[in-house]
Each structure stands twice: as structure tokens, then as C-alpha cells.
>>> print(open('input.txt').read())   # compact mmCIF, C-alpha atoms
# COMPACT_ATOMS: atom_id res chain seq x y z
CA MET A 1 0.00 0.00 0.00
CA LYS A 2 3.02 2.23 -0.44
CA SER A 3 2.42 3.08 -4.09
CA THR A 4 -0.36 4.61 -6.10
CA ALA A 5 -0.13 1.79 -8.63
CA PHE A 6 -0.63 -0.85 -5.97
CA ALA A 7 -3.47 1.17 -4.45
CA THR A 8 -5.23 1.49 -7.80
CA ALA A 9 -4.86 -2.21 -8.46
CA LEU A 10 -6.20 -3.12 -5.05
CA ALA A 11 -9.15 -0.78 -5.40
CA ALA A 12 -9.97 -2.33 -8.77
CA ALA A 13 -9.61 -5.82 -7.39
CA MET A 14 -12.04 -5.02 -4.59
CA GLY A 15 -14.55 -3.74 -7.08
CA PHE A 16 -14.52 -0.13 -5.99
CA GLY A 17 -15.19 2.57 -8.57
CA ALA A 18 -12.79 5.42 -9.16
CA THR A 19 -15.37 8.14 -8.61
CA ALA A 20 -17.56 8.87 -5.63
CA ALA A 21 -20.71 9.85 -7.47
CA VAL A 22 -22.65 7.66 -9.90
CA ALA A 23 -26.06 9.00 -11.01
CA ASP A 24 -27.81 10.29 -7.87
CA ASN A 25 -26.26 7.75 -5.51
CA ILE A 26 -22.93 8.57 -3.86
CA ASN A 27 -20.80 5.62 -2.77
CA LEU A 28 -18.24 6.33 -0.06
CA ARG A 29 -15.67 3.93 1.34
CA ILE A 30 -15.08 4.83 4.99
CA GLY A 31 -12.83 3.17 7.50
CA SER A 32 -10.22 3.09 10.21
CA GLY A 33 -7.58 0.72 11.45
CA HIS A 34 -9.28 0.89 14.83
CA PRO A 35 -12.46 -1.01 15.76
CA PRO A 36 -15.73 0.81 16.56
CA GLY A 37 -15.06 0.01 20.22
CA VAL A 38 -12.60 2.92 20.14
CA VAL A 39 -14.78 6.00 20.70
CA TYR A 40 -13.82 8.06 17.64
CA ALA A 41 -14.23 5.06 15.29
CA GLY A 42 -17.54 4.22 16.92
CA LEU A 43 -18.69 7.81 16.35
CA MET A 44 -17.68 7.59 12.70
CA GLN A 45 -20.07 4.67 12.39
CA SER A 46 -22.86 5.78 14.74
CA TYR A 47 -22.80 9.57 14.19
CA PHE A 48 -20.88 10.73 11.12
CA GLN A 49 -22.27 8.16 8.70
CA PRO A 50 -25.99 8.33 9.64
CA GLU A 51 -25.92 12.13 10.00
CA LEU A 52 -24.31 12.60 6.60
CA LYS A 53 -26.75 10.18 4.97
CA LYS A 54 -29.77 11.74 6.68
CA ARG A 55 -28.90 15.37 5.94
CA VAL A 56 -27.91 14.70 2.33
CA GLU A 57 -31.06 12.72 1.63
CA GLU A 58 -33.29 15.25 3.40
CA ARG A 59 -31.81 18.32 1.72
CA THR A 60 -30.71 17.15 -1.74
CA ASP A 61 -31.74 14.76 -4.51
CA HIS A 62 -28.78 12.49 -3.72
CA THR A 63 -28.49 9.34 -1.66
CA ILE A 64 -25.46 8.05 0.23
CA THR A 65 -24.22 4.46 0.44
CA PHE A 66 -21.26 3.56 2.67
CA VAL A 67 -18.81 0.70 2.31
CA GLU A 68 -17.35 0.22 5.79
CA GLY A 69 -13.78 -0.78 6.53
CA TYR A 70 -13.26 -0.66 10.30
CA SER A 71 -10.94 -2.75 12.48
CA GLY A 72 -8.24 -2.74 9.80
CA SER A 73 -10.39 -4.66 7.32
CA ILE A 74 -9.24 -2.40 4.45
CA VAL A 75 -6.36 -0.36 5.92
CA LYS A 76 -4.43 -0.94 9.12
CA VAL A 77 -3.81 1.80 11.69
CA THR A 78 -0.49 2.68 10.03
CA GLU A 79 -1.98 2.78 6.51
CA VAL A 80 -4.93 5.18 6.73
CA LEU A 81 -3.14 8.35 5.59
CA GLU A 82 -1.80 6.62 2.48
CA GLY A 83 -5.02 4.68 2.04
CA VAL A 84 -6.97 7.93 1.74
CA GLN A 85 -4.21 9.52 -0.36
CA ASP A 86 -4.31 6.66 -2.88
CA GLY A 87 -8.08 6.25 -2.90
CA ILE A 88 -8.23 2.87 -1.18
CA ILE A 89 -10.80 4.52 1.08
CA ASP A 90 -12.53 7.84 0.54
CA ILE A 91 -12.80 8.87 4.20
CA GLY A 92 -10.47 7.67 6.94
CA GLY A 93 -10.03 8.20 10.65
CA PHE A 94 -6.61 7.73 12.22
CA CYS A 95 -4.14 8.75 14.87
CA PHE A 96 -1.38 11.12 13.83
CA CYS A 97 0.80 9.08 16.20
CA PHE A 98 1.21 6.50 13.42
CA GLU A 99 2.66 9.09 11.02
CA PRO A 100 5.82 10.32 12.80
CA SER A 101 7.58 11.01 9.50
CA ASN A 102 4.71 12.50 7.51
CA LEU A 103 2.98 14.45 10.31
CA PRO A 104 5.57 14.93 13.06
CA LEU A 105 4.11 18.19 14.35
CA HIS A 106 0.44 17.14 14.45
CA ALA A 107 0.97 15.28 17.73
CA PHE A 108 1.88 18.61 19.36
CA GLN A 109 -0.32 18.15 22.43
CA VAL A 110 1.54 14.94 23.24
CA MET A 111 4.70 17.03 23.47
CA LEU A 112 3.14 18.83 26.44
CA PRO A 113 2.12 16.01 28.82
CA PHE A 114 -0.04 16.43 31.91
CA GLY A 115 -2.36 18.80 30.10
CA THR A 116 -6.11 19.07 30.57
CA MET A 117 -8.05 15.84 31.10
CA ASP A 118 -11.18 17.47 29.62
CA PRO A 119 -11.55 16.43 25.96
CA THR A 120 -13.70 19.48 25.14
CA THR A 121 -10.94 21.78 26.45
CA SER A 122 -8.31 19.76 24.58
CA LEU A 123 -10.32 20.15 21.38
CA LYS A 124 -10.84 23.90 21.88
CA THR A 125 -7.12 24.30 22.49
CA ALA A 126 -6.28 22.43 19.28
CA GLN A 127 -8.85 24.44 17.31
CA ASP A 128 -7.29 27.69 18.55
CA VAL A 129 -3.83 26.55 17.48
CA TYR A 130 -4.97 25.32 14.06
CA LYS A 131 -6.57 28.73 13.38
CA LYS A 132 -3.26 30.47 13.97
CA VAL A 133 -1.00 27.99 12.15
CA PRO A 134 -2.40 27.29 8.63
CA TYR A 135 0.30 24.69 7.94
CA LEU A 136 -1.46 22.21 10.23
CA GLN A 137 -4.51 22.18 7.95
CA ASN A 138 -2.92 22.88 4.59
CA VAL A 139 -0.30 20.12 4.62
CA PHE A 140 -2.95 17.45 4.06
CA GLU A 141 -4.00 18.96 0.73
CA GLU A 142 -0.54 20.09 -0.33
CA LYS A 143 1.25 16.78 0.31
CA PHE A 144 -1.25 13.97 0.85
CA ASN A 145 -4.16 14.48 -1.59
CA GLN A 146 -6.76 14.81 1.17
CA LYS A 147 -8.65 17.32 3.27
CA LEU A 148 -8.60 17.28 7.05
CA ILE A 149 -12.30 17.67 7.83
CA SER A 150 -12.37 16.87 11.57
CA ARG A 151 -9.94 17.00 14.42
CA ILE A 152 -10.63 14.28 16.98
CA ALA A 153 -10.21 14.52 20.75
CA ASP A 154 -9.44 11.49 22.91
CA GLY A 155 -10.49 10.77 26.44
CA GLY A 156 -7.93 11.57 29.12
CA TYR A 157 -4.95 9.20 29.27
CA ASN A 158 -4.09 7.26 32.42
CA LEU A 159 -2.08 4.08 32.98
CA GLY A 160 -3.53 0.57 33.04
CA THR A 161 -1.27 -2.26 34.22
CA SER A 162 -1.16 -5.93 35.17
CA PHE A 163 0.36 -4.98 38.54
CA GLU A 164 -0.22 -2.43 41.28
CA TRP A 165 2.10 0.58 41.55
CA ASN A 166 2.27 3.73 43.66
CA THR A 167 5.46 5.58 42.72
CA LEU A 168 7.49 6.14 39.58
CA ALA A 169 10.17 3.88 41.05
CA ASP A 170 7.67 0.98 41.01
CA LEU A 171 7.58 1.23 37.20
CA LYS A 172 11.33 1.07 36.64
CA GLY A 173 12.21 -1.82 34.37
CA GLN A 174 8.58 -2.59 33.52
CA LYS A 175 7.59 -2.78 29.85
CA ILE A 176 4.69 -0.44 29.16
CA ALA A 177 3.06 0.18 25.78
CA GLY A 178 2.23 3.43 24.07
CA ALA A 179 1.92 4.84 20.58
CA GLY A 180 4.31 7.25 18.91
CA LEU A 181 5.47 10.22 20.91
CA ASN A 182 3.81 9.25 24.18
CA LEU A 183 6.49 6.58 24.46
CA ASN A 184 8.69 9.49 25.55
CA TRP A 185 6.48 9.96 28.61
CA LEU A 186 7.65 6.51 29.63
CA GLU A 187 11.29 6.75 28.59
CA TYR A 188 11.93 10.06 30.34
CA GLY A 189 10.24 8.66 33.44
CA GLY A 190 12.61 5.69 33.44
CA VAL A 191 10.03 3.16 32.23
CA THR A 192 10.71 0.74 29.34
CA PRO A 193 8.54 1.84 26.36
CA VAL A 194 7.03 -0.55 23.81
CA GLN A 195 5.40 0.68 20.57
CA SER A 196 2.03 -0.95 19.97
CA SER A 197 -1.55 -0.29 18.85
CA LEU A 198 -4.99 -0.99 20.24
CA ALA A 199 -5.63 -3.52 17.50
CA THR A 200 -3.19 -5.93 19.21
CA ALA A 201 -3.35 -4.65 22.79
CA TYR A 202 -5.43 -7.41 24.37
CA THR A 203 -3.36 -10.29 23.00
CA GLU A 204 -0.06 -8.60 23.77
CA MET A 205 -1.11 -7.79 27.33
CA LYS A 206 -2.37 -11.34 27.77
CA THR A 207 0.89 -12.86 26.53
CA HIS A 208 3.06 -10.42 28.55
CA VAL A 209 4.68 -8.69 25.61
CA TYR A 210 4.26 -5.74 27.96
CA GLU A 211 2.57 -5.20 31.32
CA GLY A 212 0.63 -1.99 30.81
CA TRP A 213 -0.64 0.71 28.48
CA ILE A 214 -0.92 4.48 28.50
CA MET A 215 -4.62 4.48 27.73
CA PHE A 216 -7.95 6.27 28.16
CA PRO A 217 -10.58 4.38 30.20
CA SER A 218 -13.02 3.80 27.30
CA ALA A 219 -10.51 1.48 25.60
CA TRP A 220 -9.79 -0.31 28.88
CA VAL A 221 -13.53 -1.01 29.14
CA ASN A 222 -14.56 -1.59 25.52
CA LEU A 223 -11.60 -3.76 24.54
CA LYS A 224 -11.71 -5.65 27.86
CA LEU A 225 -8.14 -4.71 28.65
CA TYR A 226 -9.16 -4.90 32.30
CA GLU A 227 -8.89 -8.69 32.00
CA PRO A 228 -5.10 -8.83 31.47
CA GLY A 229 -4.72 -5.44 33.18
CA PRO A 230 -6.70 -5.43 36.46
CA TYR A 231 -5.12 -2.20 37.76
CA TYR A 232 -6.03 1.23 36.40
CA THR A 233 -4.26 4.26 37.85
CA LEU A 234 -5.65 7.77 37.41
CA ILE A 235 -2.49 9.78 36.82
CA GLY A 236 -3.86 12.32 34.32
CA PHE A 237 -1.42 12.43 31.40
CA GLY A 238 -3.96 14.56 29.55
CA SER A 239 -6.60 14.43 26.85
CA ILE A 240 -4.93 14.67 23.46
CA THR A 241 -6.43 15.89 20.18
CA TRP A 242 -4.19 13.95 17.80
CA HIS A 243 -6.56 11.99 15.57
CA GLY A 244 -8.13 13.25 12.37
CA LEU A 245 -10.85 12.47 9.85
CA THR A 246 -9.81 13.10 6.25
CA ILE A 247 -11.38 12.76 2.81
CA ASN A 248 -9.58 12.07 -0.45
CA THR A 249 -9.33 15.33 -2.44
CA ASP A 250 -10.46 13.74 -5.69
CA THR A 251 -13.47 12.23 -3.95
CA TYR A 252 -14.32 15.56 -2.36
CA ASN A 253 -14.02 17.44 -5.64
CA SER A 254 -16.27 14.89 -7.36
CA LEU A 255 -19.09 15.51 -4.91
CA PRO A 256 -21.92 17.90 -5.82
CA LYS A 257 -21.49 21.32 -4.23
CA ASP A 258 -24.49 20.93 -1.95
CA VAL A 259 -23.16 17.59 -0.70
CA GLN A 260 -19.72 19.11 -0.07
CA GLU A 261 -21.31 21.77 2.13
CA ILE A 262 -23.29 19.21 4.11
CA LEU A 263 -20.26 16.95 4.51
CA LEU A 264 -18.19 19.78 6.01
CA GLU A 265 -21.11 20.69 8.29
CA VAL A 266 -21.45 17.11 9.55
CA ALA A 267 -17.67 16.81 9.93
CA ALA A 268 -17.62 19.93 12.13
CA ASP A 269 -20.44 18.51 14.27
CA TYR A 270 -18.64 15.16 14.48
CA GLU A 271 -15.50 16.99 15.62
CA GLU A 272 -17.42 18.52 18.53
CA GLN A 273 -18.98 15.16 19.35
CA THR A 274 -15.57 13.59 19.86
CA GLY A 275 -14.94 16.02 22.71
CA ILE A 276 -18.45 15.86 24.19
CA VAL A 277 -18.85 12.09 24.07
CA ASN A 278 -15.36 11.37 25.39
CA LYS A 279 -16.01 13.75 28.29
CA GLU A 280 -19.34 12.08 29.08
CA ARG A 281 -17.87 8.61 28.73
CA TYR A 282 -14.85 9.26 30.95
CA ALA A 283 -16.68 9.30 34.30
CA LYS A 284 -18.92 6.38 33.29
CA ASP A 285 -16.00 4.27 32.13
CA VAL A 286 -13.95 4.99 35.25
CA GLN A 287 -16.94 3.92 37.36
CA THR A 288 -17.29 0.74 35.30
CA LEU A 289 -13.64 0.02 36.00
CA ARG A 290 -14.11 0.76 39.70
CA ASP A 291 -16.87 -1.85 39.75
CA THR A 292 -14.68 -4.37 37.93
CA ILE A 293 -11.01 -3.97 38.86
CA THR A 294 -8.73 -1.95 41.15
CA VAL A 295 -8.77 1.78 40.34
CA THR A 296 -6.51 4.15 42.26
CA GLU A 297 -5.81 7.87 42.04
CA ILE A 298 -2.15 8.70 42.11
CA ASP A 299 -0.68 11.03 44.70
CA PRO A 300 -0.33 14.51 43.08
CA ALA A 301 3.33 14.50 44.13
CA VAL A 302 3.95 11.47 41.91
CA ARG A 303 2.29 13.26 39.00
CA GLU A 304 4.44 16.33 39.58
CA ASP A 305 7.56 14.16 39.89
CA TRP A 306 6.78 12.52 36.54
CA GLY A 307 6.05 15.91 34.98
CA ASN A 308 9.37 17.29 36.18
CA SER A 309 11.19 14.32 34.66
CA LEU A 310 9.74 15.45 31.31
CA ALA A 311 10.41 19.16 31.77
CA GLU A 312 13.21 19.41 29.18
CA TRP A 313 11.58 17.21 26.55
CA PRO A 314 9.14 19.74 24.97
CA GLN A 315 11.97 22.17 24.20
CA LYS A 316 14.03 19.32 22.75
CA MET A 317 11.13 18.35 20.46
CA ALA A 318 10.59 21.97 19.44
CA ALA A 319 14.26 22.41 18.49
CA GLU A 320 14.34 19.17 16.48
CA LEU A 321 11.20 20.04 14.51
CA ASP A 322 12.21 23.68 14.04
CA ALA A 323 15.38 22.36 12.41
CA GLN A 324 13.17 20.48 9.91
CA GLY A 325 11.54 23.75 8.90
CA LEU A 326 8.36 23.17 10.90
CA PRO A 327 6.79 25.86 13.14
CA ALA A 328 7.18 23.73 16.25
CA SER A 329 8.20 26.36 18.81
CA GLU A 330 5.35 28.58 17.66
CA VAL A 331 2.86 25.72 17.93
CA LEU A 332 3.96 24.61 21.40
CA LYS A 333 3.95 28.16 22.77
CA LEU A 334 0.47 28.72 21.31
CA THR A 335 -0.73 25.43 22.82
CA LEU A 336 0.48 26.35 26.31
CA GLU A 337 -1.23 29.73 26.03
CA ALA A 338 -4.42 28.39 24.43
CA ALA A 339 -4.84 25.81 27.21
CA GLU A 340 -4.47 28.56 29.80
CA ASN A 341 -6.90 30.79 27.91
CA ASN A 342 -9.36 27.90 28.06
CA GLY A 343 -9.01 27.74 31.84
CA TYR A 344 -6.28 25.14 32.37
CA THR A 345 -3.39 25.49 34.84
CA TRP A 346 -0.30 23.41 34.01
CA PRO A 347 1.13 21.41 36.96
CA VAL A 348 4.55 21.83 35.36
CA ARG A 349 4.76 24.94 33.10
CA TYR A 350 7.02 23.96 30.23
CA ASN A 351 9.36 26.61 28.89
CA ILE A 352 9.67 26.95 25.11
CA LYS A 353 12.25 29.42 23.79
>>> encode(input="input.txt", output="C-alpha cells")
Amino acid sequence: MKSTAFATALAAAMGFGATAAVADNINLRIGSGHPPGVVYAGLMQSYFQPELKKRVEERTDHTITFVEGYSGSIVKVTEVLEGVQDGIIDIGGFCFCFEPSNLPLHAFQVMLPFGTMDPTTSLKTAQDVYKKVPYLQNVFEEKFNQKLISRIADGGYNLGTSFEWNTLADLKGQKIAGAGLNLNWLEYGGVTPVQSSLATAYTEMKTHVYEGWIMFPSAWVNLKLYEPGPYYTLIGFGSITWHGLTINTDTYNSLPKDVQEILLEVAADYEEQTGIVNKERYAKDVQTLRDTITVTEIDPAVREDWGNSLAEWPQKMAAELDAQGLPASEVLKLTLEAAENNGYTWPVRYNIK
């Protein structure tokens, strides 16, 4: 799936047409490497799809038919960006964490750990930064033949493990999983990081490839990670807006104008839903875990200790990405300020030059 030729051949082999619109019916291939049990993917299926279909069919002469490709059935978690770029799927949802080379700056909130645990605040912060840094939006069209139509907030990240722990020292030498840049949260804290994805999390926890995950509670509940990981510790790494929903540019351009307008409208509403639903789900999922396994809230001093261990990392990331010609220092400074403008107080105030 690394070449346009291969992508075209695969699309043809699967019987998918090259254009989105045929007569009055619009066929859209939509998917994610993640299963619908992950909140944003579930909302693609339960909110974005039915809302787009309903509004288009109520307000235009067109109908919408979806071909679904969730749980990696068409593209895996690491293949969505290129899958949309090459037209394997028309609309894809994915984590920027799986594109460290193509989208190294889009995980900017991860570079500032222990941020807000409120997904609606995380989303507002990201929206404020995107407004001031056009590159974050424009790069999708300029380099990857797709439009970013929704930014996606996650629930707040904590740490689920197969063992009980109370201090950072208890985690030394333990293998803990993460994705992309949040592996640095572990490494700087002296914990052994392991790159993984939710698609394989249950099996890898069960077989002791690693003994824990930096993860939001909805995944711990929905994917039954509480079975191999009966300890969930509320440490508050932060809610991160680092997923996106994109549409292939050729597909978008082939849509009737009135459908384009409705699609962008639904995408904006879906974006807000990712914050709202993750916020609502957080308390419910933590309570479900409390009723099922051992849930503890970490001593604030441990959180501050971990934050201080990471204090130099944001500046290091900013300098590395600045050297690549990316506006990293600007983005991180804006993120710190935007979070504060949205009412958040950082436990450790990172300093970006």
C-alpha cells in the first residue's frame, strides 16, 4: 500500500469505482484501522455516517451508500493516511501518532504532557492553534491528496497495568506500551517503552509482551483490557487531540457542491462530538472500571515528579522540529497559552524558547 499503482490495483480488485458519485447515488468507502469500540471510530459509524446520509437525503436529490472498513479490514492503523491519499478509502479516521515522518508536528499536544483531562478543552485548544497555524490544515491537501475535515479529541490518558504501583520507582524496568510520541512519557520517566496499537493490545497484554498501556478508560472497558490489566491508575497524562478524519481530495471534488457543504457541516459537528462524548464517557468508564477492577488515584506528588522528569523534553522536540523547517516552537507556545486561555493550569509549566 506504499504506491499509487498498488493502491489502484487493489481498489480495482475489490470492485470499488474510481469516482464517488454515480447517477444520484454517492458511494463512499469509509474506514479506520481501529475497531468501533474505540470511541472516535464508533462515532464515525454511529454519528458521522448516519448524519451525513440523513442530511444529504433530506436536503438534496442524492443518496449516500457507505462501504465500511473498520478494524483494519481495508487499511491498518499505520496505513490510513496513504489509504486515503491513494483512494483505497474515501474517508479515513486515524491517529497522527502513526505518522511520525509524515505528520511529526500534528501530535503537538503529546509534546506537552499532563495537560487538561477534559476532551472538550483539549479540542478547543487544538482548534485555537490550528486557526493560527495554517500549515497544520494545509499540509494534508498540499502533500497527501486529502482534506482534514475533523480533528478528533481522545479521552484523558491514564495508565492501566497488570500490577499495582504507587510511585514512579515501582515502574522502573517494567515494559509499558504506548503509541508514537507518548512513548517518551515513559522513557523520560525511566520506564521501558514498547510501541504498539490498540488492534493488538489485548493479546499482547495477555501474553506479557508488555505489562501496561498508557490508555484512556473507554478502551480499557470496551476492549476488555481490564482482564489482562486489572489495575487502572488515574495519573492524568492529559486528553490529546491527535486523531483526524480526512477525505480524499479527488473524492471531495467529485461531490456535488451541496453535498460538499453538508459533509463539512457534519464533519464539524462530528468533531465537537468527539470532545463531548469522550467527556461524558470518561466518568462512566472509570466507574465501570471501579466496579470491575482496582482503580486508584495517584498522589499529586507522583504526577508532579513525573512531569518534572519530562520538563526538558518539549523544548528538545521543538528544536528538532524547528530544524526540519516546521513551526514547532510557535505551535507549542500557542498550545500552552491556548490551554491557559481555556481555563487550564499546568502542573509543570514547560518553557519553550
>>> closest_residue(input="input.txt", among="A:Val39, A:Val133, A:Leu255, A:Ala107", to="Asn27 of chain A", atoms="all atoms listed in the file")
A:Leu255
>>> residues_around(input="input.txt", residues="Thr65 of chain A", least_positions_apart="3", cutoff="8 Å", atoms="only C-alpha atoms", output="PyMOL selection string")
chain A and resi 25-28+53
>>> closest_atom_pairs(input="input.txt", of="segment 137-177 of chain A", to="segment 214-228 of chain A", cutoff="12 Å", atoms="all atoms listed in the file", output="CSV")
residue,atom,partner,partner_atom,distance
A:Ala153,CA,A:Phe216,CA,11.3
A:Asp154,CA,A:Phe216,CA,7.6
A:Gly155,CA,A:Phe216,CA,5.4
A:Gly156,CA,A:Phe216,CA,5.4
A:Tyr157,CA,A:Phe216,CA,4.3
A:Asn158,CA,A:Met215,CA,5.5
A:Leu159,CA,A:Ile214,CA,4.6
A:Gly160,CA,A:Ile214,CA,6.5
A:Thr161,CA,A:Pro228,CA,8.1
A:Ser162,CA,A:Pro228,CA,6.1
A:Phe163,CA,A:Pro228,CA,9.7
A:Lys175,CA,A:Ile214,CA,11.3
A:Ile176,CA,A:Ile214,CA,7.5
A:Ala177,CA,A:Ile214,CA,6.5
>>> residues_near_point(input="input.txt", point="(-11.0, 18.2, -8.1)", cutoff="12 Å", atoms="all atoms listed in the file", output="PDB file with C-alpha atoms, in the coordinates of the input")
ATOM      1  CA  THR A  19     -15.370   8.140  -8.610  1.00  0.00           C
ATOM      2  CA  ALA A  20     -17.560   8.870  -5.630  1.00  0.00           C
ATOM      3  CA  GLU A 141      -4.000  18.960   0.730  1.00  0.00           C
ATOM      4  CA  ASN A 145      -4.160  14.480  -1.590  1.00  0.00           C
ATOM      5  CA  GLN A 146      -6.760  14.810   1.170  1.00  0.00           C
ATOM      6  CA  LYS A 147      -8.650  17.320   3.270  1.00  0.00           C
ATOM      7  CA  ASN A 248      -9.580  12.070  -0.450  1.00  0.00           C
ATOM      8  CA  THR A 249      -9.330  15.330  -2.440  1.00  0.00           C
ATOM      9  CA  ASP A 250     -10.460  13.740  -5.690  1.00  0.00           C
ATOM     10  CA  THR A 251     -13.470  12.230  -3.950  1.00  0.00           C
ATOM     11  CA  TYR A 252     -14.320  15.560  -2.360  1.00  0.00           C
ATOM     12  CA  ASN A 253     -14.020  17.440  -5.640  1.00  0.00           C
ATOM     13  CA  SER A 254     -16.270  14.890  -7.360  1.00  0.00           C
ATOM     14  CA  LEU A 255     -19.090  15.510  -4.910  1.00  0.00           C
ATOM     15  CA  PRO A 256     -21.920  17.900  -5.820  1.00  0.00           C
ATOM     16  CA  LYS A 257     -21.490  21.320  -4.230  1.00  0.00           C
ATOM     17  CA  GLN A 260     -19.720  19.110  -0.070  1.00  0.00           C
TER      18      GLN A 260
END
>>> residues_around(input="input.txt", residues="segment 40-44 of chain A", least_positions_apart="3", cutoff="9 Å", atoms="all atoms listed in the file", output="PyMOL selection string")
chain A and resi 30-37+47-50+70-71+93-94+152-154+243+245+270+273-274+277-278
>>> atom_distance(input="input.txt", atom1="atom CA of Val110 of chain A", atom2="atom CA of Arg151 of chain A")
14.6 Å
>>> residues_around(input="input.txt", residues="Lys131 of chain A", least_positions_apart="4", cutoff="12 Å", atoms="all atoms listed in the file", output="ChimeraX atom specification")
/A:124-127,135-138,331,334-335,338
>>> residues_near_point(input="input.txt", point="(9.3, 19.5, 34.8)", cutoff="10 Å", atoms="only C-alpha atoms", output="compact mmCIF listing (two decimals) with C-alpha atoms, keeping the file's coordinate frame")
# COMPACT_ATOMS: atom_id res chain seq x y z
CA PRO A 113 2.12 16.01 28.82
CA GLU A 304 4.44 16.33 39.58
CA ASP A 305 7.56 14.16 39.89
CA TRP A 306 6.78 12.52 36.54
CA GLY A 307 6.05 15.91 34.98
CA ASN A 308 9.37 17.29 36.18
CA SER A 309 11.19 14.32 34.66
CA LEU A 310 9.74 15.45 31.31
CA ALA A 311 10.41 19.16 31.77
CA GLU A 312 13.21 19.41 29.18
CA TRP A 313 11.58 17.21 26.55
CA PRO A 314 9.14 19.74 24.97
CA PRO A 347 1.13 21.41 36.96
CA VAL A 348 4.55 21.83 35.36
CA ARG A 349 4.76 24.94 33.10
CA TYR A 350 7.02 23.96 30.23
CA ASN A 351 9.36 26.61 28.89
>>> atom_distance(input="input.txt", atom1="atom CA of Glu320 of chain A", atom2="atom CA of Ser239 of chain A")
23.8 Å
>>> atom_distance(input="input.txt", atom1="atom CA of Ile276 of chain A", atom2="atom CA of Met117 of chain A")
12.5 Å
>>> closest_residue(input="input.txt", among="A:Trp213, A:Pro134, A:Val266, A:Thr233", to="Leu326 of chain A", atoms="all atoms listed in the file")
A:Pro134
>>> closest_residue(input="input.txt", among="A:Glu265, A:Glu297, A:Glu280, A:Glu164", to="Glu51 of chain A", atoms="only C-alpha atoms")
A:Glu265
>>> closest_residue(input="input.txt", among="A:Ser46, A:Thr121, A:Thr246, A:Thr60", to="Ala339 of chain A", atoms="only C-alpha atoms")
A:Thr121
>>> residues_around(input="input.txt", residues="Asp24 of chain A", least_positions_apart="3", cutoff="9 Å", atoms="only C-alpha atoms", output="list in words")
Ala21, Asp61, His62, Thr63 and Ile64 of chain A
>>> write_last_selection(input="input.txt", atoms="C-alpha atoms", output="tab-separated table (two decimals), in the coordinates of the input")
chain	number	residue	atom	x	y	z
A	21	ALA	CA	-20.71	9.85	-7.47
A	61	ASP	CA	-31.74	14.76	-4.51
A	62	HIS	CA	-28.78	12.49	-3.72
A	63	THR	CA	-28.49	9.34	-1.66
A	64	ILE	CA	-25.46	8.05	0.23
>>> closest_residue(input="input.txt", among="A:Glu330, A:Glu58, A:Glu272, A:Asp258", to="Ala318 of chain A", atoms="all atoms listed in the file")
A:Glu330
>>> build_atoms(input="input.txt", residues="segment 62-73 of chain A", atoms="N, CA and C atoms", output="tab-separated table (two decimals), in the coordinates of the input")
chain	number	residue	atom	x	y	z
A	62	HIS	N	-29.76	13.57	-3.72
A	62	HIS	CA	-28.78	12.49	-3.72
A	62	HIS	C	-29.02	11.52	-2.57
A	63	THR	N	-28.50	10.32	-2.73
A	63	THR	CA	-28.49	9.34	-1.66
A	63	THR	C	-27.04	8.96	-1.38
A	64	ILE	N	-26.81	8.44	-0.19
A	64	ILE	CA	-25.46	8.05	0.23
A	64	ILE	C	-25.45	6.56	0.57
A	65	THR	N	-24.46	5.85	0.07
A	65	THR	CA	-24.22	4.46	0.44
A	65	THR	C	-22.78	4.35	0.94
A	66	PHE	N	-22.60	3.72	2.10
A	66	PHE	CA	-21.26	3.56	2.67
A	66	PHE	C	-20.78	2.12	2.54
A	67	VAL	N	-19.52	1.96	2.19
A	67	VAL	CA	-18.81	0.70	2.31
A	67	VAL	C	-17.88	0.86	3.51
A	68	GLU	N	-18.09	0.06	4.55
A	68	GLU	CA	-17.35	0.22	5.79
A	68	GLU	C	-16.09	-0.63	5.82
A	69	GLY	N	-15.04	-0.05	6.39
A	69	GLY	CA	-13.78	-0.78	6.53
A	69	GLY	C	-13.13	-0.50	7.87
A	70	TYR	N	-13.81	-0.89	8.96
A	70	TYR	CA	-13.26	-0.66	10.30
A	70	TYR	C	-12.42	-1.85	10.75
A	71	SER	N	-11.74	-1.68	11.87
A	71	SER	CA	-10.94	-2.75	12.48
A	71	SER	C	-9.82	-3.24	11.56
A	72	GLY	N	-9.34	-2.36	10.68
A	72	GLY	CA	-8.24	-2.74	9.80
A	72	GLY	C	-8.64	-3.65	8.66
A	73	SER	N	-9.94	-3.73	8.36
A	73	SER	CA	-10.39	-4.66	7.32
A	73	SER	C	-10.00	-4.20	5.92
